[in-house]
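Asks: Next comes the structure file query-v7.cif, holding mmCIF, C-alpha atoms and all ligand atoms.
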```
data_model
#
loop_
_atom_site.label_atom_id
_atom_site.label_comp_id
_atom_site.auth_asym_id
_atom_site.auth_seq_id
_atom_site.Cartn_x
_atom_site.Cartn_y
_atom_site.Cartn_z
CA MET Q 9 91.76 112.67 100.72
CA LYS Q 10 93.12 109.44 99.34
CA ILE Q 11 92.17 108.43 95.80
CA LEU Q 12 92.89 104.92 94.59
CA THR Q 13 93.07 104.91 90.79
CA VAL Q 14 92.76 101.77 88.67
CA ILE Q 15 94.27 101.78 85.18
CA GLY Q 16 95.40 98.95 82.93
CA ALA Q 17 94.92 99.65 79.22
CA ARG Q 18 96.69 102.00 76.80
CA PRO Q 19 94.00 104.69 76.56
CA GLN Q 20 93.74 104.78 80.36
CA PHE Q 21 97.45 105.59 80.71
CA ILE Q 22 97.00 108.50 78.32
CA LYS Q 23 93.94 109.81 80.18
CA ALA Q 24 95.60 109.33 83.57
CA SER Q 25 98.68 111.26 82.44
CA VAL Q 26 96.78 114.54 82.59
CA VAL Q 27 94.46 113.76 85.50
CA SER Q 28 97.24 112.40 87.73
CA ALA Q 29 99.36 115.47 86.94
CA ALA Q 30 96.46 117.70 88.07
CA ILE Q 31 95.96 115.59 91.22
CA GLU Q 32 99.66 115.88 92.04
CA LYS Q 33 99.32 119.67 92.10
CA SER Q 34 96.45 119.52 94.60
CA SER Q 35 97.39 119.87 98.25
CA ASN Q 36 94.16 118.12 99.32
CA LEU Q 37 94.43 114.98 97.21
CA GLU Q 38 96.75 112.01 97.45
CA GLU Q 39 96.67 109.38 94.69
CA LYS Q 40 97.73 105.75 94.71
CA ILE Q 41 97.71 103.97 91.36
CA ILE Q 42 96.97 100.33 90.62
CA HIS Q 43 98.11 99.04 87.22
CA THR Q 44 96.13 95.86 86.57
CA GLY Q 45 98.57 94.73 83.89
CA GLN Q 46 95.82 94.30 81.29
CA HIS Q 47 98.19 95.82 78.70
CA PHE Q 48 101.71 94.66 79.27
CA ASP Q 49 103.95 94.89 76.17
CA THR Q 50 106.55 97.63 76.50
CA ASN Q 51 104.95 99.66 73.71
CA MET Q 52 101.44 99.15 75.11
CA SER Q 53 102.34 100.16 78.69
CA ASN Q 54 105.83 101.25 79.82
CA ILE Q 55 106.35 103.58 76.89
CA PHE Q 56 103.42 105.72 78.08
CA PHE Q 57 104.71 105.93 81.65
CA ASP Q 58 108.13 106.95 80.32
CA GLN Q 59 106.92 109.43 77.69
CA LEU Q 60 104.08 111.03 79.61
CA GLY Q 61 105.55 111.17 83.11
CA ILE Q 62 102.75 109.15 84.72
CA PRO Q 63 103.59 108.38 88.36
CA LYS Q 64 104.92 104.85 88.86
CA PRO Q 65 102.04 102.61 89.97
CA HIS Q 66 102.05 101.63 93.63
CA TYR Q 67 100.59 98.24 92.70
CA GLN Q 68 101.31 96.17 89.60
CA LEU Q 69 98.92 93.22 89.24
CA ASP Q 70 100.17 91.60 86.01
CA ILE Q 71 96.72 90.24 85.16
CA ASN Q 72 96.11 89.97 81.43
CA SER Q 73 94.97 87.85 78.50
CA GLY Q 74 92.54 84.97 79.00
CA SER Q 75 88.76 85.27 78.96
CA HIS Q 76 86.75 88.27 80.13
CA GLY Q 77 85.51 86.40 83.20
CA SER Q 78 88.91 85.18 84.22
CA MET Q 79 90.61 88.57 83.71
CA THR Q 80 87.89 90.58 85.44
CA GLY Q 81 87.53 88.05 88.27
CA ARG Q 82 91.24 87.93 89.06
CA MET Q 83 91.46 91.73 89.01
CA LEU Q 84 88.41 92.00 91.29
CA GLU Q 85 89.99 89.76 93.87
CA GLU Q 86 93.32 91.62 93.90
CA ILE Q 87 91.81 95.13 93.86
CA GLU Q 88 89.56 94.19 96.77
CA LYS Q 89 92.62 93.24 98.84
CA ILE Q 90 94.28 96.57 98.03
CA CYS Q 91 91.12 98.50 98.92
CA LEU Q 92 91.08 96.77 102.30
CA THR Q 93 94.72 97.65 102.92
CA GLU Q 94 94.64 101.22 101.59
CA GLN Q 95 91.15 102.20 102.85
CA PRO Q 96 90.87 104.94 100.19
CA ASP Q 97 88.28 107.71 100.43
CA ARG Q 98 87.41 107.10 96.79
CA LEU Q 99 88.31 104.79 93.92
CA MET Q 100 88.59 106.23 90.43
CA VAL Q 101 88.30 104.43 87.10
CA TYR Q 102 88.46 105.43 83.44
CA GLY Q 103 86.47 104.33 80.43
CA ASP Q 104 85.09 100.91 79.75
CA THR Q 105 87.69 98.16 79.93
CA ASN Q 106 87.71 95.05 82.08
CA SER Q 107 90.06 96.92 84.45
CA THR Q 108 87.39 99.64 84.81
CA LEU Q 109 84.66 97.20 85.77
CA ALA Q 110 86.87 95.21 88.15
CA GLY Q 111 87.88 98.39 90.02
CA ALA Q 112 84.33 99.72 90.23
CA LEU Q 113 82.89 96.44 91.48
CA ALA Q 114 85.61 95.84 94.06
CA ALA Q 115 85.19 99.30 95.59
CA SER Q 116 81.41 99.57 95.48
CA LYS Q 117 80.94 96.27 97.32
CA LEU Q 118 83.16 97.64 100.08
CA HIS Q 119 81.07 100.86 100.13
CA ILE Q 120 83.99 102.87 98.82
CA PRO Q 121 82.61 105.67 96.60
CA VAL Q 122 83.52 105.33 92.91
CA ALA Q 123 84.29 108.14 90.47
CA HIS Q 124 83.94 107.22 86.80
CA ILE Q 125 85.79 109.28 84.20
CA GLU Q 126 84.13 109.00 80.75
CA ALA Q 127 80.77 108.11 82.26
CA GLY Q 128 77.55 108.02 80.27
CA LEU Q 129 78.91 106.95 76.89
CA ARG Q 130 76.69 104.48 75.08
CA SER Q 131 76.87 102.62 71.77
CA PHE Q 132 73.56 100.86 72.48
CA ASN Q 133 75.21 97.64 71.32
CA MET Q 134 75.24 95.16 74.18
CA ARG Q 135 77.39 92.75 72.18
CA MET Q 136 80.34 95.05 72.83
CA PRO Q 137 82.20 94.12 76.03
CA GLU Q 138 82.85 97.85 76.51
CA GLU Q 139 79.10 98.61 76.61
CA ILE Q 140 78.57 96.08 79.41
CA ASN Q 141 81.58 97.42 81.33
CA ARG Q 142 80.50 101.05 81.10
CA ILE Q 143 76.83 100.49 81.96
CA LEU Q 144 77.71 98.44 85.04
CA THR Q 145 80.42 100.89 86.12
CA ASP Q 146 78.03 103.83 85.82
CA GLN Q 147 75.48 101.96 87.94
CA VAL Q 148 77.87 101.67 90.92
CA SER Q 149 79.52 105.10 90.62
CA ASP Q 150 78.56 108.11 92.69
CA ILE Q 151 80.45 110.77 90.73
CA LEU Q 152 79.90 110.39 87.01
CA PHE Q 153 82.35 112.57 85.10
CA CYS Q 154 80.78 112.85 81.64
CA PRO Q 155 82.83 114.08 78.66
CA THR Q 156 79.90 115.45 76.62
CA ASP Q 157 76.32 116.68 76.87
CA THR Q 158 75.25 113.52 75.05
CA ALA Q 159 76.73 111.42 77.84
CA VAL Q 160 74.77 113.42 80.43
CA LYS Q 161 71.59 112.94 78.40
CA ASN Q 162 72.20 109.20 78.16
CA LEU Q 163 72.42 108.98 81.94
CA ASN Q 164 69.34 111.14 82.43
CA ASN Q 165 67.46 108.83 80.08
CA GLU Q 166 68.47 105.94 82.31
CA GLY Q 167 67.04 107.68 85.38
CA PHE Q 168 70.27 109.00 86.90
CA ALA Q 169 68.74 112.44 87.48
CA ASN Q 170 66.64 110.86 90.25
CA LYS Q 171 69.52 109.08 91.96
CA PRO Q 172 71.63 110.45 94.84
CA VAL Q 173 74.71 110.74 92.60
CA GLN Q 174 76.49 113.56 90.76
CA VAL Q 175 76.31 113.58 86.96
CA LEU Q 176 78.58 116.31 85.59
CA ASN Q 177 79.83 117.31 82.16
CA VAL Q 178 83.47 118.14 82.89
CA GLY Q 179 84.71 117.86 79.30
CA ASP Q 180 86.92 115.23 77.78
CA VAL Q 181 90.29 114.48 79.37
CA MET Q 182 91.56 113.32 75.96
CA GLN Q 183 91.33 116.88 74.73
CA ASP Q 184 93.56 117.88 77.65
CA SER Q 185 96.14 115.23 76.75
CA SER Q 186 96.00 116.03 73.03
CA MET Q 187 96.53 119.72 73.70
CA PHE Q 188 99.24 119.21 76.29
CA PHE Q 189 101.31 116.73 74.28
CA ALA Q 190 100.73 118.32 70.84
CA GLU Q 191 103.77 120.53 71.35
CA ARG Q 192 105.93 117.59 72.33
CA ALA Q 193 104.98 115.34 69.39
CA VAL Q 194 108.00 113.78 67.71
CA LYS Q 195 108.50 111.82 64.55
CA GLY Q 196 110.97 109.51 66.30
CA GLU Q 197 112.79 106.45 65.07
CA ALA Q 198 109.66 104.28 65.03
CA LEU Q 199 108.32 106.49 62.22
CA ASN Q 200 111.48 106.48 60.09
CA HIS Q 201 109.69 105.03 57.08
CA VAL Q 202 106.65 107.29 57.32
CA PRO Q 203 106.40 110.09 54.75
CA ASP Q 204 106.25 113.65 56.11
CA THR Q 205 102.85 114.38 54.54
CA ASP Q 206 100.12 112.84 52.39
CA PHE Q 207 99.37 109.62 54.23
CA ILE Q 208 96.48 108.06 56.10
CA VAL Q 209 96.85 106.79 59.66
CA ALA Q 210 94.81 103.71 60.54
CA THR Q 211 94.25 101.73 63.74
CA LEU Q 212 92.31 98.51 64.17
CA HIS Q 213 91.69 96.51 67.33
CA ARG Q 214 87.99 96.29 68.26
CA ALA Q 215 86.81 92.82 69.21
CA GLU Q 216 83.81 93.10 66.87
CA ASN Q 217 86.25 93.53 63.95
CA THR Q 218 89.18 91.34 64.95
CA ASP Q 219 87.12 88.39 66.16
CA ASP Q 220 84.98 88.19 63.02
CA PRO Q 221 87.06 86.91 60.06
CA VAL Q 222 84.57 88.25 57.50
CA ARG Q 223 84.67 91.77 58.95
CA LEU Q 224 88.43 91.66 59.41
CA LYS Q 225 89.05 90.55 55.82
CA ALA Q 226 86.72 93.24 54.47
CA ILE Q 227 88.64 95.90 56.43
CA VAL Q 228 92.04 94.59 55.37
CA ASP Q 229 90.87 94.60 51.73
CA ALA Q 230 89.76 98.22 52.09
CA LEU Q 231 93.02 99.37 53.73
CA ASN Q 232 95.10 97.54 51.10
CA TYR Q 233 93.08 99.20 48.32
CA ILE Q 234 93.41 102.67 49.87
CA HIS Q 235 97.16 102.17 50.30
CA LYS Q 236 97.66 101.15 46.66
CA ASN Q 237 95.21 103.56 45.01
CA ILE Q 238 94.57 106.61 47.21
CA LEU Q 239 97.30 107.45 49.76
CA PRO Q 240 99.88 105.41 51.70
CA VAL Q 241 98.34 103.88 54.83
CA ILE Q 242 100.35 103.74 58.08
CA LEU Q 243 99.01 101.12 60.48
CA PRO Q 244 100.49 100.92 64.00
CA LEU Q 245 98.99 97.57 64.83
CA HIS Q 246 97.53 96.49 68.18
CA PRO Q 247 98.93 93.11 69.39
CA ARG Q 248 95.41 91.64 69.38
CA THR Q 249 95.09 92.30 65.64
CA GLN Q 250 98.67 91.24 64.91
CA LYS Q 251 97.86 87.81 66.37
CA VAL Q 252 94.61 87.34 64.43
CA VAL Q 253 96.02 88.61 61.12
CA LYS Q 254 98.83 86.08 61.47
CA SER Q 255 96.56 83.18 62.36
CA LEU Q 256 94.19 83.92 59.45
CA GLY Q 257 97.11 84.37 57.03
CA LEU Q 258 95.86 87.81 55.87
CA THR Q 259 98.26 89.99 53.87
CA LEU Q 260 98.72 93.60 54.95
CA GLU Q 261 100.15 95.65 52.09
CA MET Q 262 100.37 98.98 53.90
CA LEU Q 263 103.19 100.16 56.21
CA VAL Q 264 102.56 98.15 59.38
CA LEU Q 265 104.27 99.35 62.57
CA GLU Q 266 104.43 98.02 66.11
CA PRO Q 267 102.11 100.07 68.36
CA VAL Q 268 103.75 103.48 68.71
CA GLY Q 269 104.18 105.76 71.73
CA TYR Q 270 101.76 108.62 72.28
CA LEU Q 271 104.21 111.30 71.11
CA GLU Q 272 104.67 109.43 67.82
CA MET Q 273 100.92 108.85 67.55
CA ILE Q 274 100.25 112.55 67.99
CA TRP Q 275 102.84 113.27 65.32
CA LEU Q 276 101.02 110.92 62.94
CA LEU Q 277 97.68 112.58 63.74
CA LYS Q 278 99.11 116.06 63.20
CA HIS Q 279 100.69 115.23 59.84
CA CYS Q 280 98.24 112.79 58.23
CA SER Q 281 95.58 113.62 55.66
CA ALA Q 282 92.85 111.47 57.25
CA VAL Q 283 92.25 108.84 59.92
CA VAL Q 284 90.64 105.43 59.37
CA SER Q 285 90.05 103.68 62.69
CA ASP Q 286 87.82 101.62 64.95
CA SER Q 287 89.28 103.16 68.11
CA GLY Q 288 87.20 105.24 70.50
CA GLY Q 289 89.91 107.71 71.45
CA VAL Q 290 91.44 108.11 68.01
CA GLN Q 291 88.10 109.33 66.59
CA LYS Q 292 88.28 112.34 68.87
CA GLU Q 293 91.98 112.92 68.40
CA ALA Q 294 91.40 113.07 64.63
CA PHE Q 295 88.96 115.90 65.37
CA PHE Q 296 91.34 117.66 67.78
CA PHE Q 297 93.98 117.69 65.05
CA LYS Q 298 91.41 118.75 62.44
CA LYS Q 299 91.51 115.55 60.40
CA PRO Q 300 88.49 113.77 58.91
CA CYS Q 301 87.80 110.36 60.40
CA ILE Q 302 86.33 107.27 58.78
CA THR Q 303 85.19 104.97 61.57
CA MET Q 304 85.12 101.24 60.89
CA ARG Q 305 82.27 100.51 63.26
CA ASP Q 306 78.49 100.32 63.03
CA GLN Q 307 77.93 102.72 65.94
CA THR Q 308 79.97 105.26 67.83
CA GLU Q 309 79.65 106.73 71.31
CA TRP Q 310 80.95 110.04 69.93
CA VAL Q 311 77.75 110.91 68.07
CA GLU Q 312 78.48 114.66 68.06
CA LEU Q 313 81.32 114.03 65.60
CA ILE Q 314 78.90 112.34 63.20
CA GLU Q 315 76.32 115.13 63.65
CA HIS Q 316 79.09 117.61 62.97
CA GLY Q 317 80.00 115.85 59.69
CA VAL Q 318 83.66 115.33 60.64
CA ASN Q 319 83.38 111.59 61.24
CA VAL Q 320 81.51 108.97 59.21
CA LEU Q 321 80.57 105.39 60.03
CA ALA Q 322 81.71 102.90 57.41
CA GLY Q 323 81.16 99.67 59.36
CA ALA Q 324 83.28 96.84 58.01
CA ASN Q 325 82.12 97.31 54.42
CA THR Q 326 85.06 97.39 51.99
CA GLN Q 327 83.38 99.59 49.41
CA LYS Q 328 82.02 102.00 51.99
CA ILE Q 329 85.40 102.41 53.72
CA ILE Q 330 87.05 103.19 50.38
CA GLU Q 331 84.34 105.54 49.13
CA LEU Q 332 84.03 107.44 52.39
CA THR Q 333 87.81 107.82 52.62
CA GLN Q 334 87.86 109.30 49.13
CA ALA Q 335 84.93 111.57 49.97
CA MET Q 336 86.33 112.82 53.31
CA LEU Q 337 89.85 113.67 52.09
CA GLY Q 338 90.41 117.41 52.13
CA LYS Q 339 87.41 118.15 54.35
CA VAL Q 340 87.89 121.27 56.49
CA ILE Q 341 87.35 120.52 60.20
CA GLU Q 342 86.27 123.20 62.70
CA ASP Q 343 85.14 123.09 66.35
CA PRO Q 344 82.90 126.12 66.68
CA SER Q 345 80.89 124.80 69.61
CA ASN Q 346 83.74 123.44 71.74
CA LEU Q 347 82.30 119.93 71.72
CA TYR Q 348 84.71 118.45 74.27
CA GLY Q 349 85.20 121.24 76.77
CA GLY Q 350 88.38 122.85 75.45
CA GLY Q 351 91.03 121.07 77.53
CA GLN Q 352 89.96 121.87 81.11
CA ALA Q 353 88.58 118.47 82.05
CA SER Q 354 91.38 117.32 84.37
CA GLN Q 355 91.28 120.50 86.41
CA ASN Q 356 87.47 120.34 86.55
CA ILE Q 357 87.71 116.78 87.85
CA VAL Q 358 90.25 117.72 90.52
CA ASN Q 359 88.14 120.68 91.66
CA ILE Q 360 85.17 118.37 92.16
CA LEU Q 361 87.18 115.62 93.85
CA GLU Q 362 88.52 118.19 96.31
CA LYS Q 363 84.97 119.07 97.36
CA ASN Q 364 83.87 115.47 97.87
C1 LIG I 401 91.02 96.50 75.59
C2 LIG I 401 89.61 96.97 75.95
C3 LIG I 401 89.08 97.87 74.84
C4 LIG I 401 90.04 99.01 74.54
C5 LIG I 401 91.44 98.45 74.28
C6 LIG I 401 92.40 99.60 74.14
C7 LIG I 401 88.32 95.34 77.26
C8 LIG I 401 87.21 94.38 77.23
N1 LIG I 401 88.70 95.85 76.09
O1 LIG I 401 90.92 95.72 74.43
O2 LIG I 401 87.86 98.44 75.25
O3 LIG I 401 89.58 99.68 73.39
O4 LIG I 401 91.85 97.63 75.38
O5 LIG I 401 93.53 99.24 73.42
O6 LIG I 401 88.84 95.63 78.31
N2 LIG I 401 97.78 91.87 74.22
C9 LIG I 401 99.14 91.72 74.08
N3 LIG I 401 99.93 92.70 74.60
C10 LIG I 401 99.43 93.79 75.25
C11 LIG I 401 98.05 93.91 75.38
C12 LIG I 401 97.23 92.94 74.87
O7 LIG I 401 99.63 90.75 73.51
O8 LIG I 401 100.21 94.62 75.72
C13 LIG I 401 96.90 90.79 73.73
C14 LIG I 401 96.29 90.02 74.91
O9 LIG I 401 97.11 88.99 75.32
C15 LIG I 401 95.02 89.51 74.30
C16 LIG I 401 94.66 90.59 73.27
O10 LIG I 401 95.83 91.34 73.03
O11 LIG I 401 95.25 88.31 73.61
C17 LIG I 401 93.52 91.48 73.71
O12 LIG I 401 93.87 92.18 74.91
P1 LIG I 401 92.73 92.66 75.92
O13 LIG I 401 93.36 93.48 76.98
O14 LIG I 401 91.90 91.51 76.35
O15 LIG I 401 91.76 93.53 75.03
P2 LIG I 401 92.04 94.70 74.02
O16 LIG I 401 91.67 94.24 72.66
O17 LIG I 401 93.38 95.25 74.22
N1 LIG I 402 97.60 105.20 70.50
C1 LIG I 402 98.98 105.22 70.66
N2 LIG I 402 99.72 104.40 69.87
C2 LIG I 402 99.18 103.57 68.94
C3 LIG I 402 97.77 103.57 68.80
C4 LIG I 402 97.01 104.39 69.60
O1 LIG I 402 99.51 105.96 71.48
O2 LIG I 402 99.92 102.83 68.28
C5 LIG I 402 96.78 106.07 71.37
C6 LIG I 402 95.80 106.95 70.64
O3 LIG I 402 96.43 108.15 70.20
C7 LIG I 402 94.74 107.17 71.71
C8 LIG I 402 94.72 105.87 72.47
O4 LIG I 402 95.96 105.24 72.17
O5 LIG I 402 95.15 108.20 72.60
C9 LIG I 402 93.58 105.05 71.99
O6 LIG I 402 93.70 103.76 72.45
P1 LIG I 402 92.99 102.53 71.76
O7 LIG I 402 92.66 102.85 70.37
O8 LIG I 402 93.86 101.35 72.03
O9 LIG I 402 91.70 102.35 72.67
P2 LIG I 402 90.22 102.94 72.62
O10 LIG I 402 90.30 104.41 72.64
O11 LIG I 402 89.57 102.39 71.40
O12 LIG I 402 89.60 102.35 73.84
#
```
Can you give me the file's structure in the form of structure tokens?

Replies:
Amino acid sequence: MKILTVIGARPQFIKASVVSAAIEKSSNLEEKIIHTGQHFDTNMSNIFFDQLGIPKPHYQLDINSGSHGSMTGRMLEEIEKICLTEQPDRLMVYGDTNSTLAGALAASKLHIPVAHIEAGLRSFNMRMPEEINRILTDQVSDILFCPTDTAVKNLNNEGFANKPVQVLNVGDVMQDSSMFFAERAVKGEALNHVPDTDFIVATLHRAENTDDPVRLKAIVDALNYIHKNILPVILPLHPRTQKVVKSLGLTLEMLVLEPVGYLEMIWLLKHCSAVVSDSGGVQKEAFFFKKPCITMRDQTEWVELIEHGVNVLAGANTQKIIELTQAMLGKVIEDPSNLYGGGQASQNIVNILEKN
């Protein structure tokens, strides 16, 4: 059975590293990978292929930047051509990026079945481009690999239980990658100036924060304050945010790094005291490495972390980010109910793909 996989953004490379490795071990599955090129800097793309042993993509589209419509449209056109050439049995996409939606749309219009990994997540905020991408992708998928019970419930609430599709909680592939690469985490040269302990790791890239100068300034003020008064803040900075910070002339007083590789990122997560982030994936990784997380968003798709008390929503409110960081430091994190499946998601996915 031939699977055509579409990836293009940093978190998708990390997720694909474990799923593609599991597919490679299957004698029934053959995978061809399309890299849309959405992320393209060396430390946003190649570094993950090199560090994580992801198979070299069969197709490299080099489509990035520009508006949502232009990026998604150009990807749609190119992926459609590849689908026609490759005639895959199934197309597989991850998450909620423009690459995800382009892949799902191209395949579904050609009646190629679509498997969606990380299906069913919802923020219930339609202003987020990710919410639009994931809702539309779910609608055209026929195997919906959910990472949590909440994701299954979300789909049931949208009527998926009555559709001729499979909605399955397979667990979260990011737990697989965190567990697998935890042993291989390295401090590495990129982290030369990072202390060995007692620091906070921060990431910041969401459109709702970077594209709103008021929100962005409030977050920068909070991180600067935390760095000077609570604990040193280490900020590997997404290129999107680097560009906006520069154009707005904001001053970052913490230790700012270029985006780091996954092995360095895991090292930071293992050794930090807390995580302050607006990332989707990093919220869960904080939990996997037993670190409290302060999330600089108004909603999260990972509601079980909030219910569990290990993650708190601070929005883009300076005072709230500071106070919650102070309050969460030292919190003991446990996972008694195995919220994300325990690291078997990739194998579960392969077992199901083999039967379809
Ligand atoms: C995308 C996803 C977001 C995901 C994030 C992961 C969409 C709509 N958004 O956001 O859901 O959380 O990836 O990191 O798909 N850029 C570079 N170099 C790179 C990559 C990007 O300079 O290697 C620049 C682009 O030129 C663009 C900006 O960063 O100006 C934003 O990139 P884009 O891919 O549109 O969105 P992300 O913010 O990365
Ligand atoms: N990550 C990384 N280097 C960095 C920042 C993040 O390897 O400098 C990893 C992080 O550990 C997680 C993934 O990238 O596995 C999350 O990606 P991102 O925050 O860009 O996207 P999101 O999860 O919000 O879609």

Asks: Take CA of Asp104 in chain Q and CA of Lys278 in chain Q and report the distance between them in Å, one decimal.

Replies: 26.5 Å

Asks: List as a PDB file with C-alpha atoms, in the frame of the given file the protein and nucleic acid residues near Ser354 in chain Q, meaning an atom at most 12 Å away when only C-alpha atoms are counted, but skip any in the same chain fewer than 4 places from it.

Replies:
```
ATOM      1  CA  LYS Q  23      93.940 109.810  80.180  1.00  0.00           C
ATOM      2  CA  ALA Q  24      95.600 109.330  83.570  1.00  0.00           C
ATOM      3  CA  SER Q  25      98.680 111.260  82.440  1.00  0.00           C
ATOM      4  CA  VAL Q  26      96.780 114.540  82.590  1.00  0.00           C
ATOM      5  CA  VAL Q  27      94.460 113.760  85.500  1.00  0.00           C
ATOM      6  CA  SER Q  28      97.240 112.400  87.730  1.00  0.00           C
ATOM      7  CA  ALA Q  29      99.360 115.470  86.940  1.00  0.00           C
ATOM      8  CA  ALA Q  30      96.460 117.700  88.070  1.00  0.00           C
ATOM      9  CA  ILE Q  31      95.960 115.590  91.220  1.00  0.00           C
ATOM     10  CA  GLU Q  32      99.660 115.880  92.040  1.00  0.00           C
ATOM     11  CA  LYS Q  33      99.320 119.670  92.100  1.00  0.00           C
ATOM     12  CA  SER Q  34      96.450 119.520  94.600  1.00  0.00           C
ATOM     13  CA  ILE Q 125      85.790 109.280  84.200  1.00  0.00           C
ATOM     14  CA  GLU Q 126      84.130 109.000  80.750  1.00  0.00           C
ATOM     15  CA  PHE Q 153      82.350 112.570  85.100  1.00  0.00           C
ATOM     16  CA  CYS Q 154      80.780 112.850  81.640  1.00  0.00           C
ATOM     17  CA  PRO Q 155      82.830 114.080  78.660  1.00  0.00           C
ATOM     18  CA  ASN Q 177      79.830 117.310  82.160  1.00  0.00           C
ATOM     19  CA  VAL Q 178      83.470 118.140  82.890  1.00  0.00           C
ATOM     20  CA  GLY Q 179      84.710 117.860  79.300  1.00  0.00           C
ATOM     21  CA  ASP Q 180      86.920 115.230  77.780  1.00  0.00           C
ATOM     22  CA  VAL Q 181      90.290 114.480  79.370  1.00  0.00           C
ATOM     23  CA  MET Q 182      91.560 113.320  75.960  1.00  0.00           C
ATOM     24  CA  GLN Q 183      91.330 116.880  74.730  1.00  0.00           C
ATOM     25  CA  ASP Q 184      93.560 117.880  77.650  1.00  0.00           C
ATOM     26  CA  SER Q 185      96.140 115.230  76.750  1.00  0.00           C
ATOM     27  CA  PHE Q 188      99.240 119.210  76.290  1.00  0.00           C
ATOM     28  CA  GLY Q 349      85.200 121.240  76.770  1.00  0.00           C
ATOM     29  CA  GLY Q 350      88.380 122.850  75.450  1.00  0.00           C
ATOM     30  CA  VAL Q 358      90.250 117.720  90.520  1.00  0.00           C
ATOM     31  CA  ASN Q 359      88.140 120.680  91.660  1.00  0.00           C
ATOM     32  CA  ILE Q 360      85.170 118.370  92.160  1.00  0.00           C
ATOM     33  CA  LEU Q 361      87.180 115.620  93.850  1.00  0.00           C
TER      34      LEU Q 361
END
```

Asks: Using all atoms listed in the file for the distances, tell me which of Q:Ile314, Q:Val252, Q:Val194, Q:Ala230 is nearest to Ile330 in chain Q.

Replies: Q:Ala230

Asks: Go through the chains and note each residue within 8 Å of ligand LIG 401 (chain I), using only C-alpha atoms and all ligand atoms, then give the set as a PyMOL selection string.

Replies: chain Q and resi 17-19+46-53+72-76+103-108+137-138+141+213-215+246-249+251+287-288

Asks: Mind writing the picked residues with C-alpha atoms as an mmCIF file, in the frame of the given file?

Replies:
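File written: out.cif
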```
data_model
loop_
_atom_site.group_PDB
_atom_site.id
_atom_site.type_symbol
_atom_site.label_atom_id
_atom_site.label_comp_id
_atom_site.auth_asym_id
_atom_site.auth_seq_id
_atom_site.Cartn_x
_atom_site.Cartn_y
_atom_site.Cartn_z
ATOM 1 C CA ALA Q 17 94.920 99.650 79.220
ATOM 2 C CA ARG Q 18 96.690 102.000 76.800
ATOM 3 C CA PRO Q 19 94.000 104.690 76.560
ATOM 4 C CA GLN Q 46 95.820 94.300 81.290
ATOM 5 C CA HIS Q 47 98.190 95.820 78.700
ATOM 6 C CA PHE Q 48 101.710 94.660 79.270
ATOM 7 C CA ASP Q 49 103.950 94.890 76.170
ATOM 8 C CA THR Q 50 106.550 97.630 76.500
ATOM 9 C CA ASN Q 51 104.950 99.660 73.710
ATOM 10 C CA MET Q 52 101.440 99.150 75.110
ATOM 11 C CA SER Q 53 102.340 100.160 78.690
ATOM 12 C CA ASN Q 72 96.110 89.970 81.430
ATOM 13 C CA SER Q 73 94.970 87.850 78.500
ATOM 14 C CA GLY Q 74 92.540 84.970 79.000
ATOM 15 C CA SER Q 75 88.760 85.270 78.960
ATOM 16 C CA HIS Q 76 86.750 88.270 80.130
ATOM 17 C CA GLY Q 103 86.470 104.330 80.430
ATOM 18 C CA ASP Q 104 85.090 100.910 79.750
ATOM 19 C CA THR Q 105 87.690 98.160 79.930
ATOM 20 C CA ASN Q 106 87.710 95.050 82.080
ATOM 21 C CA SER Q 107 90.060 96.920 84.450
ATOM 22 C CA THR Q 108 87.390 99.640 84.810
ATOM 23 C CA PRO Q 137 82.200 94.120 76.030
ATOM 24 C CA GLU Q 138 82.850 97.850 76.510
ATOM 25 C CA ASN Q 141 81.580 97.420 81.330
ATOM 26 C CA HIS Q 213 91.690 96.510 67.330
ATOM 27 C CA ARG Q 214 87.990 96.290 68.260
ATOM 28 C CA ALA Q 215 86.810 92.820 69.210
ATOM 29 C CA HIS Q 246 97.530 96.490 68.180
ATOM 30 C CA PRO Q 247 98.930 93.110 69.390
ATOM 31 C CA ARG Q 248 95.410 91.640 69.380
ATOM 32 C CA THR Q 249 95.090 92.300 65.640
ATOM 33 C CA LYS Q 251 97.860 87.810 66.370
ATOM 34 C CA SER Q 287 89.280 103.160 68.110
ATOM 35 C CA GLY Q 288 87.200 105.240 70.500
#
```

Asks: Find the spatial neighbours of Thr158 in chain Q, counting all atoms listed in the file, within a cut-off of 9 Å - ignore same-chain residues fewer than 2 positions away - and output them as a PyMOL selection string.

Replies: chain Q and resi 128-129+154-156+160-163+309-312

Asks: Between Q:Thr13, Q:Gln307, Q:Thr44, Q:Gln291, which one has atoms that come closest to ligand LIG 402 (chain I), using all atoms listed in the file?

Replies: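 Residue with the minimum atom-to-atom distance to ligand LIG 402 (chain I): Q:Gln291.
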
Asks: Ranking Q:Leu337, Q:Leu347, Q:Ile234, Q:Val268 by minimum distance to Glu315 in chain Q and counting all atoms listed in the file, which one comes first?

Replies: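 Checking each of Q:Leu337, Q:Leu347, Q:Ile234, Q:Val268 against Glu315 in chain Q, counting all atoms listed in the file, the winner is Q:Leu347.
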
Asks: Against ligand LIG 402 (chain I), which residues of chain Q fall within 7 Å? For each one I want the closest pair of atoms and the distance in Å (one decimal), counting all atoms listed in the file, rows by chain and increasing residue number, as CSV.

Replies:
```
residue,atom,partner,partner_atom,distance
Q:Arg18,CA,I:LIG402,O6,5.6
Q:Pro19,CA,I:LIG402,O6,4.2
Q:Ile22,CA,I:LIG402,O5,6.0
Q:Thr211,CA,I:LIG402,C3,6.4
Q:Pro244,CA,I:LIG402,O2,4.7
Q:Leu245,CA,I:LIG402,O2,6.4
Q:His246,CA,I:LIG402,O2,6.8
Q:Glu266,CA,I:LIG402,O2,6.9
Q:Pro267,CA,I:LIG402,O2,3.5
Q:Val268,CA,I:LIG402,O2,3.9
Q:Gly269,CA,I:LIG402,O1,4.7
Q:Tyr270,CA,I:LIG402,O1,3.6
Q:Met273,CA,I:LIG402,O1,5.1
Q:Ile274,CA,I:LIG402,O3,6.2
Q:Asp286,CA,I:LIG402,O11,6.7
Q:Ser287,CA,I:LIG402,O11,3.4
Q:Gly288,CA,I:LIG402,O11,3.8
Q:Gly289,CA,I:LIG402,O10,3.5
Q:Val290,CA,I:LIG402,C7,5.0
Q:Glu293,CA,I:LIG402,O3,6.8
```
